[in-house]
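Colleague: Can you keep this structure in mind? I'll have questions shortly.
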Amino acid sequence: QVQLVESGGGLVQAGGSLRLSCAASGRSFTDYAMGWFRQAPGKEREFVAAVSRNANANYADSMKGRFTISRDNAKNSIYLQINTLNPEDTAVYYCAAKQAAYENNWYRMSNSYDYWGQGTQVTVSS
């Protein structure tokens, strides 16, 4: 069992930046590939970024350039740096964990993941 707790969301003006954090507890963090997803009001949950066990990153095409995912195995945490925020980034951001056999693999599909956090709200004002 893995517990995930996101933090770092809030209200920010367009053009600003945020760094979201996701702290994991439970089983060995290094056994898990991790991902960030978001869900805006009235929309389906969408993939943002993923990171493999050995820190290889992958991004949704629309997220490339402004989003950076990273992990710190010593802190059992992943992060999502979001720059140049715009109102379309308003959503609840979720982190997710998947026990992964191969250290190079990352995962883009939400149904690939085993565990989810409760989410952190990001609201961008224009």
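In the structure tokens, the first chain shown is A, the next is B, and so on; residue numbers restart at 1 for each chain, and ligands run from 1 in the order shown.
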Would you return as a ChimeraX atom specification the members of chain A that DSSP assigns to strand (DSSP E) on this structure's backbone?
Modeller: /A:2-7,10-13,18-26,32-39,46-51,57-59,67-72,77-82,91-99,115-116,120-125
Colleague: Residues of range 46-78 of chain A within 6 Å of range 14-38 of chain A: nearest atom pair and distance (Å, one decimal) for each, counting only C-alpha atoms, sorted by chain and number, as a Markdown table?
Modeller:
```
| residue | atom | partner | partner_atom | distance |
| --- | --- | --- | --- | --- |
| A:Glu46 | CA | A:Arg38 | CA | 5.4 |
| A:Phe47 | CA | A:Phe37 | CA | 4.5 |
| A:Val48 | CA | A:Phe37 | CA | 5.0 |
| A:Ala49 | CA | A:Trp36 | CA | 5.3 |
| A:Ala50 | CA | A:Gly35 | CA | 4.0 |
| A:Val51 | CA | A:Met34 | CA | 5.4 |
| A:Ser52 | CA | A:Ala33 | CA | 4.6 |
| A:Arg53 | CA | A:Ala33 | CA | 5.0 |
| A:Asn76 | CA | A:Ala24 | CA | 5.5 |
| A:Ser77 | CA | A:Ala23 | CA | 4.5 |
| A:Ile78 | CA | A:Cys22 | CA | 5.3 |
```
Colleague: Could you write out, as a list in words, all the residues of range 53-123 of chain A that DSSP marks as helix (DSSP H, G or I)?
Modeller: Asp61, Ser62, Met63, Asn73, Ala74, Lys75, Pro87, Glu88, Asp89, Ser110, Asn111 and Ser112 of chain A
Colleague: Tell me, as number ranges by chain, which residues lie within 9 Å of Ser112 in chain A, counting only C-alpha atoms; anything in the same chain fewer than 5 positions away does not count.
Modeller: A: 97-98, 107
Colleague: Which residue gives the smallest distance to Arg66 in chain A among A:Ser110, A:Gln39, A:Gln118, A:Thr84, with only C-alpha atoms counted?
Modeller: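 Of the candidates, the smallest distance to Arg66 in chain A is held by A:Thr84.
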Colleague: What's the separation between CA of Gln13 in chain A and CA of Gly65 in chain A, in Å to one decimal place?
Modeller: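 Taking CA of Gln13 in chain A as the start and CA of Gly65 in chain A as the end point, the length is 18.9 Å.
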Colleague: For each of A:Tyr79, A:Gln3, A:Val122, A:Ser62, take the minimum atom-to-atom distance to Val92 in chain A, counting only C-alpha atoms, then give the residue where this is smallest.
Modeller: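 Nearest candidate to Val92 in chain A out of A:Tyr79, A:Gln3, A:Val122, A:Ser62: A:Val122.
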